[in-house]
$ cat upload-v6.cif   # mmCIF, N, CA and C atoms
data_target
loop_
_atom_site.label_atom_id
_atom_site.label_comp_id
_atom_site.auth_asym_id
_atom_site.auth_seq_id
_atom_site.Cartn_x
_atom_site.Cartn_y
_atom_site.Cartn_z
N MET Q 1275 140.15 73.93 124.65
CA MET Q 1275 138.87 74.40 124.17
C MET Q 1275 138.83 75.92 124.35
N SER Q 1276 138.48 76.64 123.29
CA SER Q 1276 138.47 78.10 123.35
C SER Q 1276 137.10 78.62 123.79
N LEU Q 1277 137.03 79.91 123.96
CA LEU Q 1277 135.79 80.55 124.39
C LEU Q 1277 134.69 80.39 123.34
N SER Q 1278 135.05 80.48 122.06
CA SER Q 1278 134.06 80.33 121.00
C SER Q 1278 133.54 78.90 120.94
N ASP Q 1279 134.41 77.89 121.27
CA ASP Q 1279 133.94 76.50 121.30
C ASP Q 1279 132.93 76.30 122.42
N ASP Q 1280 133.17 76.95 123.58
CA ASP Q 1280 132.22 76.85 124.69
C ASP Q 1280 130.87 77.46 124.30
N ALA Q 1281 130.90 78.60 123.60
CA ALA Q 1281 129.66 79.26 123.19
C ALA Q 1281 128.90 78.40 122.19
N GLU Q 1282 129.65 77.78 121.26
CA GLU Q 1282 128.99 76.92 120.27
C GLU Q 1282 128.40 75.69 120.95
N ASP Q 1283 129.12 75.12 121.92
CA ASP Q 1283 128.63 73.94 122.63
C ASP Q 1283 127.38 74.29 123.43
N ALA Q 1284 127.38 75.44 124.09
CA ALA Q 1284 126.21 75.87 124.85
C ALA Q 1284 125.03 76.12 123.93
N GLU Q 1285 125.29 76.70 122.78
CA GLU Q 1285 124.22 76.96 121.81
C GLU Q 1285 123.64 75.65 121.30
N ARG Q 1286 124.50 74.66 121.07
CA ARG Q 1286 124.05 73.36 120.58
C ARG Q 1286 123.19 72.67 121.66
N ARG Q 1287 123.63 72.75 122.93
CA ARG Q 1287 122.86 72.14 124.01
C ARG Q 1287 121.53 72.87 124.20
N HIS Q 1288 121.53 74.17 124.02
CA HIS Q 1288 120.28 74.95 124.15
C HIS Q 1288 119.28 74.51 123.09
N GLY Q 1289 119.73 74.26 121.89
CA GLY Q 1289 118.84 73.82 120.82
C GLY Q 1289 118.28 72.44 121.07
N MET Q 1290 119.02 71.60 121.82
CA MET Q 1290 118.58 70.24 122.07
C MET Q 1290 117.67 70.15 123.29
N ASN Q 1291 117.71 71.12 124.18
CA ASN Q 1291 116.94 71.07 125.42
C ASN Q 1291 115.74 72.02 125.31
N PRO Q 1292 114.53 71.47 125.12
CA PRO Q 1292 113.36 72.36 124.99
C PRO Q 1292 112.98 73.04 126.29
N PHE Q 1293 113.50 72.57 127.44
CA PHE Q 1293 113.14 73.14 128.73
C PHE Q 1293 114.18 74.13 129.24
N HIS Q 1294 115.08 74.57 128.37
CA HIS Q 1294 116.13 75.48 128.78
C HIS Q 1294 115.55 76.77 129.36
N ASP Q 1295 114.53 77.32 128.71
CA ASP Q 1295 113.93 78.56 129.20
C ASP Q 1295 113.26 78.34 130.54
N LEU Q 1296 112.60 77.19 130.72
CA LEU Q 1296 111.96 76.91 132.00
C LEU Q 1296 112.99 76.74 133.11
N GLU Q 1297 114.13 76.10 132.79
CA GLU Q 1297 115.19 75.95 133.78
C GLU Q 1297 115.75 77.32 134.15
N HIS Q 1298 115.84 78.19 133.16
CA HIS Q 1298 116.32 79.55 133.43
C HIS Q 1298 115.34 80.29 134.34
N LEU Q 1299 114.03 80.14 134.09
CA LEU Q 1299 113.03 80.78 134.93
C LEU Q 1299 113.04 80.20 136.35
N ALA Q 1300 113.32 78.91 136.47
CA ALA Q 1300 113.33 78.28 137.79
C ALA Q 1300 114.46 78.83 138.65
N ALA Q 1301 115.52 79.31 138.02
CA ALA Q 1301 116.66 79.82 138.77
C ALA Q 1301 116.45 81.26 139.25
N ILE Q 1302 115.46 81.95 138.71
CA ILE Q 1302 115.21 83.34 139.10
C ILE Q 1302 114.49 83.37 140.45
N GLU Q 1303 114.97 84.25 141.33
CA GLU Q 1303 114.36 84.38 142.63
C GLU Q 1303 113.08 85.21 142.54
N VAL Q 1304 112.01 84.73 143.15
CA VAL Q 1304 110.71 85.40 143.12
C VAL Q 1304 110.56 86.24 144.38
N PRO Q 1305 110.15 87.50 144.25
CA PRO Q 1305 109.97 88.32 145.46
C PRO Q 1305 108.78 87.81 146.27
N PRO Q 1306 108.75 88.10 147.56
CA PRO Q 1306 107.64 87.63 148.40
C PRO Q 1306 106.33 88.30 148.00
N VAL Q 1307 105.24 87.62 148.28
CA VAL Q 1307 103.91 88.14 147.96
C VAL Q 1307 103.61 89.29 148.90
N PRO Q 1308 103.12 90.43 148.37
CA PRO Q 1308 102.80 91.56 149.26
C PRO Q 1308 101.57 91.24 150.10
N SER Q 1309 101.42 91.97 151.18
CA SER Q 1309 100.24 91.77 152.02
C SER Q 1309 98.99 92.18 151.25
N ALA Q 1310 97.86 91.70 151.68
CA ALA Q 1310 96.61 91.95 150.98
C ALA Q 1310 96.31 93.45 150.92
N ARG Q 1311 96.57 94.15 152.00
CA ARG Q 1311 96.29 95.59 152.05
C ARG Q 1311 97.16 96.35 151.04
N THR Q 1312 98.45 95.99 150.96
CA THR Q 1312 99.36 96.63 150.02
C THR Q 1312 98.97 96.31 148.59
N PHE Q 1313 98.61 95.05 148.34
CA PHE Q 1313 98.21 94.64 147.00
C PHE Q 1313 96.95 95.39 146.55
N THR Q 1314 95.95 95.47 147.41
CA THR Q 1314 94.70 96.16 147.08
C THR Q 1314 94.96 97.65 146.83
N ALA Q 1315 95.81 98.25 147.65
CA ALA Q 1315 96.13 99.67 147.45
C ALA Q 1315 96.83 99.88 146.11
N GLY Q 1316 97.71 98.95 145.73
CA GLY Q 1316 98.40 99.06 144.45
C GLY Q 1316 97.44 98.92 143.28
N VAL Q 1317 96.48 98.01 143.42
CA VAL Q 1317 95.48 97.84 142.36
C VAL Q 1317 94.66 99.11 142.22
N ARG Q 1318 94.24 99.66 143.33
CA ARG Q 1318 93.44 100.89 143.28
C ARG Q 1318 94.24 102.04 142.66
N ARG Q 1319 95.51 102.12 143.00
CA ARG Q 1319 96.34 103.22 142.53
C ARG Q 1319 96.66 103.07 141.04
N LYS Q 1320 96.92 101.85 140.57
CA LYS Q 1320 97.38 101.66 139.20
C LYS Q 1320 96.28 101.25 138.23
N LEU Q 1321 95.43 100.30 138.62
CA LEU Q 1321 94.49 99.71 137.68
C LEU Q 1321 93.22 100.54 137.52
N HIS Q 1322 92.65 101.02 138.60
CA HIS Q 1322 91.38 101.72 138.52
C HIS Q 1322 91.42 102.96 137.61
N PRO Q 1323 92.43 103.82 137.69
CA PRO Q 1323 92.46 104.97 136.77
C PRO Q 1323 92.59 104.54 135.30
N ARG Q 1324 93.33 103.46 135.05
CA ARG Q 1324 93.48 102.98 133.67
C ARG Q 1324 92.16 102.43 133.15
N LEU Q 1325 91.45 101.68 133.98
CA LEU Q 1325 90.15 101.16 133.57
C LEU Q 1325 89.16 102.30 133.31
N LEU Q 1326 89.17 103.30 134.15
CA LEU Q 1326 88.29 104.45 133.96
C LEU Q 1326 88.61 105.15 132.65
N ALA Q 1327 89.89 105.34 132.36
CA ALA Q 1327 90.29 105.99 131.11
C ALA Q 1327 89.85 105.15 129.90
N LEU Q 1328 90.00 103.84 129.98
CA LEU Q 1328 89.58 102.98 128.87
C LEU Q 1328 88.07 103.02 128.68
N HIS Q 1329 87.31 103.05 129.77
CA HIS Q 1329 85.85 103.15 129.65
C HIS Q 1329 85.44 104.47 129.00
N ILE Q 1330 86.09 105.54 129.38
CA ILE Q 1330 85.78 106.85 128.78
C ILE Q 1330 86.12 106.85 127.31
N LEU Q 1331 87.28 106.30 126.93
CA LEU Q 1331 87.65 106.23 125.51
C LEU Q 1331 86.68 105.35 124.73
N GLN Q 1332 86.30 104.22 125.31
CA GLN Q 1332 85.35 103.33 124.64
C GLN Q 1332 84.02 104.03 124.44
N PHE Q 1333 83.56 104.76 125.43
CA PHE Q 1333 82.31 105.48 125.28
C PHE Q 1333 82.44 106.59 124.24
N ALA Q 1334 83.54 107.32 124.29
CA ALA Q 1334 83.72 108.45 123.37
C ALA Q 1334 83.81 107.99 121.92
N PHE Q 1335 84.55 106.93 121.67
CA PHE Q 1335 84.76 106.52 120.29
C PHE Q 1335 83.82 105.40 119.85
N GLY Q 1336 83.29 104.64 120.76
CA GLY Q 1336 82.42 103.53 120.39
C GLY Q 1336 80.96 103.90 120.45
N ALA Q 1337 80.46 104.14 121.64
CA ALA Q 1337 79.03 104.40 121.82
C ALA Q 1337 78.60 105.70 121.16
N THR Q 1338 79.40 106.73 121.28
CA THR Q 1338 79.03 108.01 120.68
C THR Q 1338 78.99 107.91 119.16
N THR Q 1339 79.92 107.17 118.58
CA THR Q 1339 79.93 107.00 117.13
C THR Q 1339 78.67 106.29 116.66
N TRP Q 1340 78.32 105.18 117.33
CA TRP Q 1340 77.11 104.45 116.94
C TRP Q 1340 75.86 105.31 117.15
N ALA Q 1341 75.81 106.08 118.22
CA ALA Q 1341 74.65 106.95 118.46
C ALA Q 1341 74.53 107.99 117.36
N LEU Q 1342 75.65 108.57 116.92
CA LEU Q 1342 75.61 109.55 115.85
C LEU Q 1342 75.17 108.93 114.52
N VAL Q 1343 75.62 107.71 114.25
CA VAL Q 1343 75.21 107.02 113.02
C VAL Q 1343 73.70 106.80 113.02
N HIS Q 1344 73.15 106.29 114.11
CA HIS Q 1344 71.72 106.02 114.18
C HIS Q 1344 70.90 107.32 114.18
N MET Q 1345 71.40 108.36 114.85
CA MET Q 1345 70.68 109.63 114.85
C MET Q 1345 70.67 110.23 113.44
N THR Q 1346 71.78 110.13 112.72
CA THR Q 1346 71.84 110.63 111.35
C THR Q 1346 70.85 109.88 110.46
N ALA Q 1347 70.78 108.56 110.63
CA ALA Q 1347 69.82 107.77 109.83
C ALA Q 1347 68.39 108.17 110.16
N ALA Q 1348 68.09 108.40 111.43
CA ALA Q 1348 66.74 108.82 111.82
C ALA Q 1348 66.41 110.20 111.28
N LEU Q 1349 67.37 111.12 111.34
CA LEU Q 1349 67.13 112.47 110.80
C LEU Q 1349 66.96 112.44 109.28
N ALA Q 1350 67.71 111.58 108.60
CA ALA Q 1350 67.57 111.46 107.15
C ALA Q 1350 66.19 110.90 106.79
N ALA Q 1351 65.73 109.91 107.56
CA ALA Q 1351 64.40 109.35 107.31
C ALA Q 1351 63.32 110.39 107.59
N ALA Q 1352 63.48 111.18 108.65
CA ALA Q 1352 62.50 112.22 108.96
C ALA Q 1352 62.49 113.30 107.87
N ALA Q 1353 63.67 113.67 107.38
CA ALA Q 1353 63.74 114.66 106.30
C ALA Q 1353 63.09 114.11 105.03
N ARG Q 1354 63.32 112.83 104.73
CA ARG Q 1354 62.69 112.24 103.54
C ARG Q 1354 61.17 112.22 103.69
N TYR Q 1355 60.68 111.88 104.89
CA TYR Q 1355 59.25 111.87 105.12
C TYR Q 1355 58.67 113.28 104.97
N THR Q 1356 59.40 114.27 105.47
CA THR Q 1356 58.93 115.65 105.37
C THR Q 1356 58.86 116.10 103.92
N LEU Q 1357 59.85 115.74 103.12
CA LEU Q 1357 59.89 116.19 101.73
C LEU Q 1357 59.01 115.37 100.80
N THR Q 1358 58.94 114.05 101.01
CA THR Q 1358 58.21 113.20 100.05
C THR Q 1358 56.93 112.63 100.62
N GLY Q 1359 56.77 112.57 101.92
CA GLY Q 1359 55.58 112.00 102.52
C GLY Q 1359 55.63 110.47 102.60
N THR Q 1360 56.78 109.85 102.34
CA THR Q 1360 56.90 108.39 102.43
C THR Q 1360 58.10 108.03 103.30
N TRP Q 1361 57.97 106.89 103.98
CA TRP Q 1361 59.08 106.36 104.77
C TRP Q 1361 59.94 105.48 103.87
N PRO Q 1362 61.20 105.28 104.22
CA PRO Q 1362 62.03 104.33 103.45
C PRO Q 1362 61.44 102.92 103.57
N ASP Q 1363 61.73 102.06 102.59
CA ASP Q 1363 61.25 100.68 102.62
C ASP Q 1363 61.77 99.99 103.86
N ARG Q 1364 61.02 98.98 104.31
CA ARG Q 1364 61.39 98.26 105.54
C ARG Q 1364 62.77 97.63 105.41
N GLU Q 1365 63.15 97.12 104.23
CA GLU Q 1365 64.46 96.49 104.03
C GLU Q 1365 65.58 97.52 104.17
N LYS Q 1366 65.32 98.75 103.80
CA LYS Q 1366 66.37 99.78 103.83
C LYS Q 1366 66.51 100.42 105.21
N ARG Q 1367 65.55 100.18 106.08
CA ARG Q 1367 65.60 100.79 107.41
C ARG Q 1367 66.64 100.14 108.30
N GLY Q 1368 66.98 98.90 108.04
CA GLY Q 1368 68.02 98.23 108.82
C GLY Q 1368 67.45 97.55 109.95
#
$ encode --input "upload-v6.cif" --output "structure tokens"
Amino acid sequence: MSLSDDAEDAERRHGMNPFHDLEHLAAIEVPPVPSARTFTAGVRRKLHPRLLALHILQFAFGATTWALVHMTAALAAAARYTLTGTWPDREKRG
């Protein structure tokens, strides 16, 4: 049996065994769980700055955008009232 026959046989067995990936994962050694203090310090060091950055981005691009849209609509309605003396119809106000 040659090397290519072994590879083909292994490939054929891999296709027949749906748990091959799970068996592979079971063979991997898992590192020990860090102490609570080390874990908490790691979360503070890695996760908190990322969450803060995401909140700032969400506010900058999400909330600020919606606030500008609504402020523009309010200013347009005020300008229309100033020029024509009428408010937009209730259906058009949103």
$ atom_distance --input "upload-v6.cif" --atom1 "atom CA of Lys1320 of chain Q" --atom2 "atom CA of Gln1332 of chain Q"
19.0 Å
$ atom_distance --input "upload-v6.cif" --atom1 "atom CA of Leu1296 of chain Q" --atom2 "atom N of Ser1309 of chain Q"
26.6 Å
$ atom_distance --input "upload-v6.cif" --atom1 "atom C of Arg1354 of chain Q" --atom2 "atom C of Thr1339 of chain Q"
22.6 Å
$ residues_around --input "upload-v6.cif" --residues "Trp1361 of chain Q" --least-positions-apart "4" --cutoff "8 Å" --atoms "only N, CA and C atoms" --output "ChimeraX atom specification"
/Q:1351-1352,1354-1356
$ axis_aligned_box --input "upload-v6.cif" --around "segment 1320-1332 of chain Q" --padding-each-side "3 Å" --output "JSON"
{"center_x": 90.7, "center_y": 103.3, "center_z": 132.5, "size_x": 19.4, "size_y": 13.1, "size_z": 22.1}
